[in-house]
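Colleague: Got a structure for you, questions after.
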2 protein chains.
Amino acid sequence: MNQSDLSTFRDFALVCASAAAAAIMPHFRQRMDIEDKGGSHGFDPVTVADRTAEQAIRALIETHHADHGIEGEEFGLVRADAKYRWVIDPIDGTKSFMAGLPGWGILIALLEDDLPVLGVMHQPFIGETFEGDGHHASYAGRLGRYRLRTSGCTSVEEAILTTTSPQLLGPAENIARFHAVESHVKLSRYGGDCYGYCMLAAGHIDLVIEAGLNRYDIAALIPIVEGAGGVVTDWSGGSALNGATVIAAATPALHSQAIALLEN
Amino acid sequence: MNQSDLSTFRDFALVCASAAAAAIMPHFRQRMDIEDKGGSHGFDPVTVADRTAEQAIRALIETHHADHGIEGEEFGLVRADAKYRWVIDPIDGTKSFMAGLPGWGILIALLEDDLPVLGVMHQPFIGETFEGDGHHASYAGRLGRYRLRTSGCTSVEEAILTTTSPQLLGPAENIARFHAVESHVKLSRYGGDCYGYCMLAAGHIDLVIEAGLNRYDIAALIPIVEGAGGVVTDWSGGSALNGATVIAAATPALHSQAIALLEN
């Protein structure tokens with residue numbers, strides 16, 4: 001993609017994020033009707049805010065980029081064969097949102113030939129946006145505007161680690177592999193959702209290890225972390241895009257060490 | 001205490017919170033020098049922000065209420081025999097703060113004859129304040145001003161539960177007792193710190209269960225939760241003020257059910 005198209009798509013992603021924010025904010029910290037989408041498989045809340053926001057983004061794509069594909073959490077996939085595809089998670093961190101906590105965000109990614117080339121995380125309650133294109137990443141919000149760069153951490157023993165919840169890592173073997181890394185780190189913190197990856201891009205967290213994500217949970221975060229100098233893969237070093245397992249690290253050296261611990 | 005004194009002390013607590021915020025904010029999301037206070041017993045970070053903020057609050061108390069006691073996380077206890085004592089946690093959620101996450105807050109409590117009669121939680125990055133006096137609690141911030149009221153949740157099966165981290169609950173027996181409750185709730189979420197109690201006061205969370213807290217971690221939150229209609233005790237139904245074990249619930253009925261599960 002040339003820089004002009006990239007710039008156009010970036011501006012468009014920010015417009016989409018603002019439209020989603022306008023749909024979501026009236027519902028934040030209101031008593032909501034919650035629908036249990038997960039059924040007996042677990043609690044996966046769907047809110048009115050989630051659906052309204054995704055519809056707002058989809059309407060903008062249909063108006064301005066009608067030949068692009070769309071893949072969203074709530075309303076599935078259209079134009080699967082398109083060269084460009086927008087991947088949307090209108091509220092990443094739905095549980096945080098339901099609990100009134102600020103650690104959620106709107107995630108919008110653009111894929112080109114199934115590779116993530118642009119990602120935006122927008123948090124409208126706090127008022128901040130993280131964006132990246134794999135080569136560059138930046139912050140805009142209450143603390144001004146600046147380029148995002150990961151920390152220089154190259155040692156698991158010095159690392160600050162986050163995961164949304166060990167219970168979300170899936171089978172016991174995954175949890176054991178996570179704890180093999182966790183037992184070495186300087187500090188471990190739960191409850192991050194998309195903020196874990198954004199704070200890794202900003203240099204405050206060094207390592208994020210998760211599993212059982214969906215494509216729309218991770219697609220937007222890959223270009224942000226990579227744009228800030230970090231590494232994002234699955235637990236075997238392959239593409240993290242399907243979300244089955246994800247490890248994000250501040251530096252290649254830290255990434256290698258953590259992968260080695262995960263594999264033991 | 002009469003209403004006039006209460007009102008004076010409330011305004012003073014808000015001034016203290018603002019002074020702490022001014023000391024803290026230049027350090028948020030900056031690379032900080034971290035000192036490991038916990039030594040071999042675990043990681044308990046102390047930041048420049050923490051110390052500077054507590055010093056700012058202490059200076060205000062010495063100037064305006066020189067006969068009041070002070071108990072703070074960083075600089076200990078003065079005037080232990082005073083009728084009134086200010087209990088200060090300049091940054092509750094230090095790990096969140098270090099990781100750049102927004103889920104931390106400034107906690108200021110006033111004890112009268114060792115009972116918490118006033119509590120303030122202030123979050124200067126987001127810009128919101130929760131306060132209560134045991135009979136009334138209120139919110140002021142980005143979403144306006146309103147009275148805080150807990151949810152009407154009376155059933156563990158319908159409850160949203162939070163704890164900062166199961167690993168912080170202490171001995172394995174405590175963790176097992178926590179999971180006995182967690183296995184019954186609708187949704188469980190980790191990583192709350194002081195926000196868990198404030199969102200309980202606001203009606204978005206129904207149950208908070210923690211252990212191993214200090215007085216300064218919980219003192220300010222008791223008058224907020226009680227002022228919003230909730231119940232805060234230790235796991236046996238006694239005073240939560242020493243922080244060894246804490247359970248906060250939206251309603252007396254929910255509190256009784258959760259205590260029964262903790263005791264099994």
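For the structure tokens, the naming scheme is as follows: chains receive sequential letters (A, B, ...) according to their order of presentation, residues are indexed from 1 within each chain, and ligands are indexed from 1 in presentation order.
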Compile the contact shell of Ser96 (chain B) as a list in words: residues with an atom at most 9 Å away, counting only C-alpha atoms, same-chain residues fewer than 6 positions apart removed.

Modeller: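 Near Ser96 (chain B), the qualifying residues are Arg189 of chain A; Pro102, Gly103, Trp104, Gly191 and Asp193 of chain B.
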
Colleague: Counting only C-alpha atoms, which residues of chain B come no farther than 10 Å from chain A, as number ranges by chain?

Modeller: B: 25-26, 28-32, 42-45, 95-103, 125-127, 142-143, 151, 160-162, 164-166, 186-192, 195-196, 198-200, 202-206

Colleague: With only C-alpha atoms as the counted atoms, please give the residues lying no more than 12 Å from Gln3 (chain B), apart from itself and same-chain residues fewer than 5 positions off, as a count of residues only.

Modeller: 7

Colleague: Pull the strand (DSSP E) assignments for region 13-259 of chain A out of DSSP run on the backbone, and list those residues as JSON, numbers by chain.

Modeller: {"A": [35, 36, 45, 46, 69, 70, 71, 72, 76, 77, 78, 84, 85, 86, 87, 88, 89, 90, 91, 92, 105, 106, 107, 108, 109, 110, 111, 112, 115, 116, 117, 118, 119, 120, 121, 122, 123, 128, 129, 130, 131, 132, 137, 138, 139, 140, 141, 144, 145, 146, 147, 160, 161, 162, 163, 187, 188, 189, 190, 207, 208, 209, 210, 211, 231, 232, 233, 245, 246, 247, 248, 249]}

Colleague: For region 214-226 of chain A, work out the shell of residues within 9 Å, counting only C-alpha atoms and skipping chain neighbours fewer than 4 positions away, then give it as a PyMOL selection string.

Modeller: chain A and resi 71-73+87-89+92+107-111+115-121+130-138+148-150+193-194+197-198+200-202+230-233+240-244+246+248-250

Colleague: Could you give me, as a ChimeraX atom specification, the residues within 8 Å of Ala19 (chain B), counting only C-alpha atoms and dropping anything in the same chain fewer than 6 positions from it?

Modeller: /B:53,56-57

Colleague: Next, the residues of the selection above should be written as a compact mmCIF listing (two decimals), in the first residue's frame with N, CA, C and O atoms.

Modeller:
```txt
# COMPACT_ATOMS: atom_id res chain seq x y z
N ALA B 53 3.49 12.48 46.90
CA ALA B 53 2.07 12.74 47.13
C ALA B 53 1.74 12.66 48.62
O ALA B 53 1.01 13.49 49.16
N ALA B 56 2.89 15.72 50.36
CA ALA B 56 2.02 16.88 50.09
C ALA B 56 0.79 16.85 50.99
O ALA B 56 0.38 17.88 51.55
N ILE B 57 0.19 15.66 51.16
CA ILE B 57 -1.00 15.55 52.02
C ILE B 57 -0.63 15.82 53.47
O ILE B 57 -1.32 16.55 54.19
```

Colleague: Running DSSP on the backbone, which parts of region 27-232 of chain B land in alpha helix (DSSP H), as JSON, numbers by chain?

Modeller: {"B": [48, 49, 50, 51, 52, 53, 54, 55, 56, 57, 58, 59, 60, 61, 62, 63, 64, 94, 95, 96, 97, 98, 172, 173, 174, 175, 176, 177, 178, 179, 180, 181, 182, 194, 195, 196, 197, 198, 199, 200, 201, 215, 216, 217, 218, 221, 222, 223, 224, 225, 226, 227]}

Colleague: List the spatial neighbours of Ile24 (chain A) as number ranges by chain - criterion: any atom at most 8 Å away, only C-alpha atoms, same-chain residues fewer than 3 positions off excluded.

Modeller: A: 20-21, 27-28, 49-50, 52-53
